[in-house]
$ cat structure-v7.pdb   # PDB, C-alpha atoms, pLDDT in the B column
ATOM      1  CA  MET I   1       0.000   0.000   0.000  1.00 30.00           C
ATOM      2  CA  MET I   2       1.264   3.491  -0.852  1.00 40.00           C
ATOM      3  CA  PHE I   3       1.912   5.613   2.221  1.00 47.00           C
ATOM      4  CA  ASP I   4       0.284   9.020   2.362  1.00 68.00           C
ATOM      5  CA  ASP I   5       2.740  11.791   1.476  1.00 82.00           C
ATOM      6  CA  THR I   6       0.305  14.699   1.681  1.00 89.00           C
ATOM      7  CA  TYR I   7      -0.979  16.747   4.591  1.00 92.00           C
ATOM      8  CA  LYS I   8      -3.290  19.717   5.106  1.00 94.00           C
ATOM      9  CA  MET I   9      -2.398  22.996   6.787  1.00 94.00           C
ATOM     10  CA  LEU I  10      -3.632  26.598   6.959  1.00 95.00           C
ATOM     11  CA  ASP I  11      -2.713  29.026   4.203  1.00 93.00           C
ATOM     12  CA  ALA I  12      -4.413  31.900   6.049  1.00 92.00           C
ATOM     13  CA  PRO I  13      -5.606  32.265   9.667  1.00 93.00           C
ATOM     14  CA  GLY I  14      -9.255  32.024  10.706  1.00 96.00           C
ATOM     15  CA  GLU I  15     -11.391  33.382  13.522  1.00 97.00           C
ATOM     16  CA  GLY I  16     -14.516  32.150  15.289  1.00 97.00           C
ATOM     17  CA  LEU I  17     -16.948  33.506  17.861  1.00 97.00           C
ATOM     18  CA  TYR I  18     -19.436  31.735  20.148  1.00 97.00           C
ATOM     19  CA  LYS I  19     -21.681  33.334  22.754  1.00 96.00           C
ATOM     20  CA  GLU I  20     -23.562  31.544  25.531  1.00 94.00           C
ATOM     21  CA  LYS I  21     -25.314  33.003  28.622  1.00 94.00           C
ATOM     22  CA  GLY I  22     -23.205  36.166  28.550  1.00 93.00           C
ATOM     23  CA  SER I  23     -19.892  34.325  28.105  1.00 95.00           C
ATOM     24  CA  LYS I  24     -17.996  35.084  24.926  1.00 96.00           C
ATOM     25  CA  PHE I  25     -15.567  32.611  23.307  1.00 98.00           C
ATOM     26  CA  ILE I  26     -13.215  34.080  20.681  1.00 97.00           C
ATOM     27  CA  ALA I  27     -11.155  31.594  18.657  1.00 98.00           C
ATOM     28  CA  THR I  28      -8.154  32.164  16.387  1.00 97.00           C
ATOM     29  CA  ALA I  29      -6.470  29.501  14.233  1.00 97.00           C
ATOM     30  CA  PHE I  30      -2.800  30.143  13.376  1.00 94.00           C
ATOM     31  CA  THR I  31      -0.157  28.391  11.276  1.00 95.00           C
ATOM     32  CA  VAL I  32       2.709  27.107  13.459  1.00 96.00           C
ATOM     33  CA  THR I  33       5.688  24.921  12.572  1.00 93.00           C
ATOM     34  CA  SER I  34       7.396  24.738  15.981  1.00 94.00           C
ATOM     35  CA  GLU I  35       6.609  25.012  19.680  1.00 94.00           C
ATOM     36  CA  ASP I  36       8.332  28.420  19.613  1.00 96.00           C
ATOM     37  CA  ASP I  37       5.683  29.541  17.091  1.00 95.00           C
ATOM     38  CA  VAL I  38       3.002  28.366  19.537  1.00 96.00           C
ATOM     39  CA  LYS I  39       4.563  30.446  22.345  1.00 96.00           C
ATOM     40  CA  LYS I  40       4.635  33.528  20.078  1.00 96.00           C
ATOM     41  CA  ALA I  41       0.985  33.015  19.056  1.00 95.00           C
ATOM     42  CA  LEU I  42      -0.044  32.663  22.719  1.00 96.00           C
ATOM     43  CA  THR I  43       1.880  35.802  23.661  1.00 96.00           C
ATOM     44  CA  GLU I  44       0.139  37.779  20.894  1.00 94.00           C
ATOM     45  CA  VAL I  45      -3.317  36.543  21.869  1.00 95.00           C
ATOM     46  CA  LYS I  46      -2.737  37.155  25.586  1.00 96.00           C
ATOM     47  CA  LYS I  47      -1.614  40.695  24.762  1.00 96.00           C
ATOM     48  CA  LYS I  48      -4.657  41.311  22.532  1.00 95.00           C
ATOM     49  CA  TYR I  49      -7.159  39.765  24.968  1.00 96.00           C
ATOM     50  CA  PHE I  50      -5.305  40.619  28.190  1.00 95.00           C
ATOM     51  CA  ASP I  51      -8.545  40.968  30.169  1.00 95.00           C
ATOM     52  CA  ALA I  52      -9.970  37.546  29.193  1.00 95.00           C
ATOM     53  CA  ARG I  53     -10.335  35.028  32.016  1.00 92.00           C
ATOM     54  CA  HIS I  54      -9.031  31.981  30.113  1.00 96.00           C
ATOM     55  CA  HIS I  55      -6.704  31.473  27.126  1.00 97.00           C
ATOM     56  CA  CYS I  56      -7.215  27.817  26.181  1.00 98.00           C
ATOM     57  CA  TYR I  57      -5.512  26.178  23.210  1.00 98.00           C
ATOM     58  CA  ALA I  58      -4.451  23.090  21.310  1.00 98.00           C
ATOM     59  CA  TYR I  59      -1.836  22.582  18.619  1.00 98.00           C
ATOM     60  CA  MET I  60      -0.577  19.919  16.233  1.00 97.00           C
ATOM     61  CA  ILE I  61       2.763  20.066  14.397  1.00 95.00           C
ATOM     62  CA  GLY I  62       4.444  18.032  11.649  1.00 90.00           C
ATOM     63  CA  PRO I  63       3.234  16.097   8.596  1.00 86.00           C
ATOM     64  CA  ASP I  64       3.156  12.970  10.810  1.00 85.00           C
ATOM     65  CA  LYS I  65       1.096  14.831  13.482  1.00 89.00           C
ATOM     66  CA  GLN I  66       3.349  13.434  16.222  1.00 88.00           C
ATOM     67  CA  CYS I  67       3.745  16.713  18.147  1.00 93.00           C
ATOM     68  CA  PHE I  68       0.535  17.920  19.819  1.00 96.00           C
ATOM     69  CA  ARG I  69      -0.733  19.331  23.099  1.00 97.00           C
ATOM     70  CA  SER I  70      -3.772  20.981  24.633  1.00 97.00           C
ATOM     71  CA  SER I  71      -4.368  23.274  27.621  1.00 97.00           C
ATOM     72  CA  ASP I  72      -7.517  24.008  29.661  1.00 97.00           C
ATOM     73  CA  ASP I  73      -5.892  27.099  31.241  1.00 96.00           C
ATOM     74  CA  GLY I  74      -7.899  26.921  34.456  1.00 94.00           C
ATOM     75  CA  GLU I  75     -11.158  25.575  33.016  1.00 95.00           C
ATOM     76  CA  PRO I  76     -12.366  22.202  34.419  1.00 95.00           C
ATOM     77  CA  SER I  77     -10.167  19.364  33.129  1.00 95.00           C
ATOM     78  CA  GLY I  78     -11.062  18.203  29.615  1.00 95.00           C
ATOM     79  CA  THR I  79     -13.612  20.951  28.921  1.00 96.00           C
ATOM     80  CA  ALA I  80     -11.499  23.249  26.726  1.00 97.00           C
ATOM     81  CA  GLY I  81      -8.166  21.995  25.352  1.00 97.00           C
ATOM     82  CA  LYS I  82      -9.411  18.541  24.373  1.00 97.00           C
ATOM     83  CA  PRO I  83     -12.512  19.764  22.477  1.00 98.00           C
ATOM     84  CA  ILE I  84     -10.252  22.229  20.598  1.00 98.00           C
ATOM     85  CA  LEU I  85      -7.776  19.442  19.752  1.00 98.00           C
ATOM     86  CA  ASN I  86     -10.633  17.209  18.584  1.00 97.00           C
ATOM     87  CA  GLN I  87     -11.678  19.888  16.073  1.00 97.00           C
ATOM     88  CA  ILE I  88      -8.106  19.995  14.705  1.00 97.00           C
ATOM     89  CA  LEU I  89      -8.232  16.206  14.353  1.00 97.00           C
ATOM     90  CA  SER I  90     -11.644  16.222  12.674  1.00 96.00           C
ATOM     91  CA  LYS I  91     -10.418  18.834  10.151  1.00 95.00           C
ATOM     92  CA  ASP I  92      -7.333  16.644   9.560  1.00 94.00           C
ATOM     93  CA  VAL I  93      -4.979  19.642   9.606  1.00 96.00           C
ATOM     94  CA  THR I  94      -1.490  20.008  11.049  1.00 95.00           C
ATOM     95  CA  ASN I  95       1.027  22.818  11.685  1.00 96.00           C
ATOM     96  CA  VAL I  96      -1.843  24.594  13.404  1.00 97.00           C
ATOM     97  CA  CYS I  97      -2.592  26.177  16.772  1.00 98.00           C
ATOM     98  CA  VAL I  98      -6.139  27.133  17.790  1.00 98.00           C
ATOM     99  CA  ILE I  99      -6.457  29.483  20.768  1.00 98.00           C
ATOM    100  CA  VAL I 100      -9.868  30.182  22.325  1.00 98.00           C
ATOM    101  CA  VAL I 101     -10.179  33.013  24.861  1.00 97.00           C
ATOM    102  CA  ARG I 102     -13.168  33.254  27.191  1.00 96.00           C
ATOM    103  CA  TYR I 103     -14.806  36.291  28.679  1.00 96.00           C
ATOM    104  CA  PHE I 104     -16.915  35.054  31.607  1.00 93.00           C
ATOM    105  CA  GLY I 105     -20.529  36.257  31.567  1.00 90.00           C
ATOM    106  CA  GLY I 106     -21.370  35.527  35.202  1.00 88.00           C
ATOM    107  CA  ILE I 107     -23.389  32.341  34.611  1.00 90.00           C
ATOM    108  CA  LYS I 108     -21.696  28.941  34.801  1.00 92.00           C
ATOM    109  CA  LEU I 109     -22.193  26.783  31.718  1.00 94.00           C
ATOM    110  CA  GLY I 110     -21.454  23.387  33.253  1.00 93.00           C
ATOM    111  CA  VAL I 111     -19.145  20.740  31.788  1.00 95.00           C
ATOM    112  CA  SER I 112     -21.208  19.944  28.681  1.00 95.00           C
ATOM    113  CA  GLY I 113     -21.854  23.654  28.047  1.00 96.00           C
ATOM    114  CA  LEU I 114     -18.133  24.442  28.180  1.00 97.00           C
ATOM    115  CA  ILE I 115     -17.202  21.521  25.912  1.00 97.00           C
ATOM    116  CA  ASN I 116     -19.780  22.663  23.353  1.00 97.00           C
ATOM    117  CA  ALA I 117     -18.651  26.301  23.543  1.00 97.00           C
ATOM    118  CA  TYR I 118     -14.926  25.597  23.043  1.00 98.00           C
ATOM    119  CA  LYS I 119     -15.662  22.996  20.348  1.00 97.00           C
ATOM    120  CA  THR I 120     -17.968  25.337  18.402  1.00 97.00           C
ATOM    121  CA  ALA I 121     -15.641  28.362  18.577  1.00 98.00           C
ATOM    122  CA  ALA I 122     -12.642  26.253  17.480  1.00 98.00           C
ATOM    123  CA  ARG I 123     -14.605  24.666  14.619  1.00 97.00           C
ATOM    124  CA  GLU I 124     -15.713  28.084  13.354  1.00 97.00           C
ATOM    125  CA  ALA I 125     -12.128  29.407  13.373  1.00 97.00           C
ATOM    126  CA  LEU I 126     -10.961  26.383  11.337  1.00 97.00           C
ATOM    127  CA  ASP I 127     -13.949  26.657   8.978  1.00 97.00           C
ATOM    128  CA  ASN I 128     -13.053  30.306   8.337  1.00 97.00           C
ATOM    129  CA  ALA I 129      -9.352  29.562   7.725  1.00 96.00           C
ATOM    130  CA  LEU I 130      -7.987  28.808   4.252  1.00 94.00           C
ATOM    131  CA  ILE I 131      -6.784  25.177   4.219  1.00 94.00           C
ATOM    132  CA  VAL I 132      -4.397  23.861   1.536  1.00 94.00           C
ATOM    133  CA  GLU I 133      -2.893  20.459   0.789  1.00 92.00           C
ATOM    134  CA  LYS I 134       0.896  20.105   0.846  1.00 91.00           C
ATOM    135  CA  THR I 135       3.184  17.256  -0.138  1.00 90.00           C
ATOM    136  CA  VAL I 136       5.824  15.725   2.131  1.00 90.00           C
ATOM    137  CA  ASN I 137       9.094  16.369   0.279  1.00 92.00           C
ATOM    138  CA  GLU I 138      12.608  14.996   0.690  1.00 93.00           C
ATOM    139  CA  ILE I 139      15.696  17.074  -0.110  1.00 95.00           C
ATOM    140  CA  TYR I 140      18.815  15.422  -1.580  1.00 97.00           C
ATOM    141  CA  SER I 141      22.194  16.675  -2.764  1.00 97.00           C
ATOM    142  CA  LEU I 142      24.175  15.474  -5.796  1.00 97.00           C
ATOM    143  CA  GLN I 143      27.952  15.698  -6.186  1.00 97.00           C
ATOM    144  CA  TYR I 144      29.536  14.750  -9.506  1.00 96.00           C
ATOM    145  CA  PRO I 145      32.397  15.679 -11.860  1.00 96.00           C
ATOM    146  CA  TYR I 146      31.634  18.276 -14.555  1.00 95.00           C
ATOM    147  CA  PRO I 147      31.753  15.812 -17.518  1.00 95.00           C
ATOM    148  CA  LEU I 148      28.608  14.113 -16.056  1.00 95.00           C
ATOM    149  CA  MET I 149      26.614  17.350 -16.237  1.00 95.00           C
ATOM    150  CA  ASN I 150      24.533  16.359 -19.300  1.00 96.00           C
ATOM    151  CA  GLU I 151      23.568  12.963 -17.875  1.00 95.00           C
ATOM    152  CA  VAL I 152      22.608  14.455 -14.496  1.00 96.00           C
ATOM    153  CA  MET I 153      20.547  17.193 -16.161  1.00 96.00           C
ATOM    154  CA  ARG I 154      18.806  14.632 -18.369  1.00 96.00           C
ATOM    155  CA  VAL I 155      17.582  12.734 -15.282  1.00 96.00           C
ATOM    156  CA  MET I 156      16.611  16.039 -13.623  1.00 96.00           C
ATOM    157  CA  LYS I 157      14.553  16.991 -16.693  1.00 96.00           C
ATOM    158  CA  GLU I 158      12.892  13.566 -17.026  1.00 95.00           C
ATOM    159  CA  ALA I 159      11.820  13.726 -13.376  1.00 94.00           C
ATOM    160  CA  SER I 160      10.738  17.409 -13.679  1.00 94.00           C
ATOM    161  CA  LEU I 161      13.142  18.427 -10.886  1.00 95.00           C
ATOM    162  CA  GLU I 162      14.365  21.978 -10.278  1.00 93.00           C
ATOM    163  CA  PRO I 163      18.056  22.288  -9.338  1.00 94.00           C
ATOM    164  CA  LEU I 164      18.587  24.162  -6.042  1.00 94.00           C
ATOM    165  CA  ASN I 165      21.739  25.669  -4.477  1.00 94.00           C
ATOM    166  CA  THR I 166      23.827  24.844  -7.534  1.00 94.00           C
ATOM    167  CA  ARG I 167      27.614  25.050  -7.810  1.00 94.00           C
ATOM    168  CA  PHE I 168      28.933  24.176 -11.269  1.00 92.00           C
ATOM    169  CA  GLU I 169      32.729  23.885 -11.251  1.00 91.00           C
ATOM    170  CA  MET I 170      35.030  20.948 -11.983  1.00 91.00           C
ATOM    171  CA  ASP I 171      33.317  19.266  -9.042  1.00 94.00           C
ATOM    172  CA  CYS I 172      29.616  20.095  -9.302  1.00 96.00           C
ATOM    173  CA  TYR I 173      27.009  20.267  -6.565  1.00 97.00           C
ATOM    174  CA  LEU I 174      23.264  20.730  -6.569  1.00 97.00           C
ATOM    175  CA  GLU I 175      20.252  19.957  -4.419  1.00 97.00           C
ATOM    176  CA  PHE I 176      16.749  18.878  -5.410  1.00 96.00           C
ATOM    177  CA  SER I 177      13.388  18.381  -3.729  1.00 95.00           C
ATOM    178  CA  THR I 178      11.004  15.547  -4.585  1.00 94.00           C
ATOM    179  CA  ARG I 179       7.794  14.081  -3.233  1.00 91.00           C
ATOM    180  CA  LYS I 180       8.506  11.380  -0.675  1.00 90.00           C
ATOM    181  CA  SER I 181       6.551   8.794  -2.687  1.00 89.00           C
ATOM    182  CA  GLU I 182       8.787   9.446  -5.744  1.00 92.00           C
ATOM    183  CA  ALA I 183      12.103   9.672  -3.876  1.00 93.00           C
ATOM    184  CA  ASP I 184      13.314   6.038  -4.033  1.00 94.00           C
ATOM    185  CA  LYS I 185      12.703   5.788  -7.780  1.00 95.00           C
ATOM    186  CA  ILE I 186      14.512   9.081  -8.536  1.00 96.00           C
ATOM    187  CA  VAL I 187      17.430   8.409  -6.169  1.00 96.00           C
ATOM    188  CA  SER I 188      18.057   5.006  -7.790  1.00 95.00           C
ATOM    189  CA  LYS I 189      18.298   6.700 -11.231  1.00 95.00           C
ATOM    190  CA  PHE I 190      21.043   8.995  -9.959  1.00 96.00           C
ATOM    191  CA  LYS I 191      22.829   6.117  -8.209  1.00 94.00           C
ATOM    192  CA  ASN I 192      22.941   4.293 -11.542  1.00 94.00           C
ATOM    193  CA  LEU I 193      25.094   7.121 -12.918  1.00 94.00           C
ATOM    194  CA  PHE I 194      28.678   6.093 -12.129  1.00 94.00           C
ATOM    195  CA  GLY I 195      30.504   8.939 -10.344  1.00 95.00           C
ATOM    196  CA  VAL I 196      27.410  10.613  -8.856  1.00 96.00           C
ATOM    197  CA  THR I 197      27.135  10.771  -5.045  1.00 96.00           C
ATOM    198  CA  VAL I 198      23.558  11.139  -3.706  1.00 97.00           C
ATOM    199  CA  THR I 199      23.057  12.317  -0.125  1.00 96.00           C
ATOM    200  CA  TYR I 200      19.771  12.599   1.775  1.00 96.00           C
ATOM    201  CA  LEU I 201      19.564  15.981   3.531  1.00 95.00           C
ATOM    202  CA  LYS I 202      16.117  16.354   5.159  1.00 89.00           C
ATOM    203  CA  THR I 203      12.349  15.859   4.947  1.00 85.00           C
ATOM    204  CA  GLN I 204      10.024  18.846   4.933  1.00 79.00           C
TER     205      GLN I 204
END
$ encode --input "structure-v7.pdb" --output "structure tokens"
Amino acid sequence: MMFDDTYKMLDAPGEGLYKEKGSKFIATAFTVTSEDDVKKALTEVKKKYFDARHHCYAYMIGPDKQCFRSSDDGEPSGTAGKPILNQILSKDVTNVCVIVVRYFGGIKLGVSGLINAYKTAAREALDNALIVEKTVNEIYSLQYPYPLMNEVMRVMKEASLEPLNTRFEMDCYLEFSTRKSEADKIVSKFKNLFGVTVTYLKTQ
């Protein structure tokens, strides 16, 4: 079975609003690619809504969705962060952080009321965001002597690859990016060229 080498993420942020019994829940969905990005997003939101009682959030990072976390920020356990995270999961997006701030209206909503409020606000923010599909790509470098230039470029052209970070001297160097699902096939073509060294650099 072919593994999935695509993922969905935000191309533009989104906002959502939910009101219940005087309480106001304002949600913002951001693009994040690291936990540092999450900290910056939280700092911005806390500055903007400094007088809100709670700043609850959830995030998911990476094409493999292995890095995630949620926070109830003082709300009863499981009533805020988890419902937000569940909306991220149901939208099947990654590299995203959804922060929901709450202004308390004086009337308690109860556990089910809170879960519904945070879930609805988060869903609206994600619905209002622009979501795009990306491919998981692998980056490789090629090193080869100058006389092999034509053969290397022929393979590059056949595979519709764009040369990156090129250095064409007696010893040539270039990098290329390819979809993960195509990588093994393309790498083996270069390895069949005697004198070409192929090195895996990173996945992005």
$ atom_distance --input "structure-v7.pdb" --atom1 "CA of Val111 in chain I" --atom2 "CA of Thr79 in chain I"
6.2 Å
$ atom_distance --input "structure-v7.pdb" --atom1 "CA of Asn128 in chain I" --atom2 "CA of Gln204 in chain I"
26.0 Å
$ atom_distance --input "structure-v7.pdb" --atom1 "CA of Cys97 in chain I" --atom2 "CA of Pro76 in chain I"
20.6 Å
$ resolve_selection --input "structure-v7.pdb" --expression "the PyMOL selection byres ((chain I and resi 146-148) around 12)" --output "MDAnalysis selection string"
chainID I and resid 142:145 149:155 167:174 190 193:197
$ closest_residue --input "structure-v7.pdb" --among "I:Thr199, I:Tyr7, I:Leu161, I:Gly16" --to "Gly62 in chain I" --atoms "only C-alpha atoms"
I:Tyr7
$ resolve_selection --input "structure-v7.pdb" --expression "the PyMOL selection byres ((chain I and resi 203) around 9)" --output "list in words"
Val136, Asn137, Glu138, Ile139, Lys180, Tyr200, Leu201, Lys202 and Gln204 of chain I
$ resolve_selection --input "structure-v7.pdb" --expression "the PyMOL selection byres ((chain I and resi 65) around 10)" --output "list in words"
Tyr7, Tyr59, Met60, Ile61, Gly62, Pro63, Asp64, Gln66, Cys67, Phe68, Leu89, Asp92, Val93, Thr94 and Asn95 of chain I
$ residues_around --input "structure-v7.pdb" --residues "range 21-36 of chain I" --least-positions-apart "2" --cutoff "7 Å" --atoms "only C-alpha atoms" --output "mmCIF file with C-alpha atoms, keeping the file's coordinate frame"
data_model
loop_
_atom_site.group_PDB
_atom_site.id
_atom_site.type_symbol
_atom_site.label_atom_id
_atom_site.label_comp_id
_atom_site.auth_asym_id
_atom_site.auth_seq_id
_atom_site.Cartn_x
_atom_site.Cartn_y
_atom_site.Cartn_z
ATOM 1 C CA LEU I 10 -3.632 26.598 6.959
ATOM 2 C CA PRO I 13 -5.606 32.265 9.667
ATOM 3 C CA GLY I 14 -9.255 32.024 10.706
ATOM 4 C CA GLU I 15 -11.391 33.382 13.522
ATOM 5 C CA GLY I 16 -14.516 32.150 15.289
ATOM 6 C CA LEU I 17 -16.948 33.506 17.861
ATOM 7 C CA TYR I 18 -19.436 31.735 20.148
ATOM 8 C CA LYS I 19 -21.681 33.334 22.754
ATOM 9 C CA VAL I 38 3.002 28.366 19.537
ATOM 10 C CA LYS I 39 4.563 30.446 22.345
ATOM 11 C CA LYS I 40 4.635 33.528 20.078
ATOM 12 C CA ILE I 61 2.763 20.066 14.397
ATOM 13 C CA ASN I 95 1.027 22.818 11.685
ATOM 14 C CA VAL I 96 -1.843 24.594 13.404
ATOM 15 C CA CYS I 97 -2.592 26.177 16.772
ATOM 16 C CA VAL I 98 -6.139 27.133 17.790
ATOM 17 C CA ILE I 99 -6.457 29.483 20.768
ATOM 18 C CA VAL I 100 -9.868 30.182 22.325
ATOM 19 C CA VAL I 101 -10.179 33.013 24.861
ATOM 20 C CA ARG I 102 -13.168 33.254 27.191
ATOM 21 C CA TYR I 103 -14.806 36.291 28.679
ATOM 22 C CA PHE I 104 -16.915 35.054 31.607
ATOM 23 C CA GLY I 105 -20.529 36.257 31.567
ATOM 24 C CA GLY I 106 -21.370 35.527 35.202
ATOM 25 C CA ILE I 107 -23.389 32.341 34.611
ATOM 26 C CA ALA I 121 -15.641 28.362 18.577
ATOM 27 C CA ALA I 122 -12.642 26.253 17.480
ATOM 28 C CA ALA I 125 -12.128 29.407 13.373
ATOM 29 C CA LEU I 126 -10.961 26.383 11.337
#
$ closest_residue --input "structure-v7.pdb" --among "I:Leu164, I:Leu114, I:Ala159, I:Leu42" --to "Lys82 in chain I" --atoms "all atoms listed in the file"
I:Leu114
$ closest_residue --input "structure-v7.pdb" --among "I:Gln87, I:Thr135, I:Thr178, I:Ser77" --to "Asp5 in chain I" --atoms "all atoms listed in the file"
I:Thr135
$ axis_aligned_box --input "structure-v7.pdb" --around "range 34-37 of chain I" --padding-each-side "4 Å" --output "lines of an AutoDock Vina configuration file"
center_x = 7.0
center_y = 27.1
center_z = 17.8
size_x = 10.6
size_y = 12.8
size_z = 11.7
$ residues_around --input "structure-v7.pdb" --residues "Glu133 in chain I" --least-positions-apart "3" --cutoff "7 Å" --atoms "all atoms listed in the file" --output "list of chain:residue names"
I:Thr6, I:Tyr7, I:Lys8, I:Met9
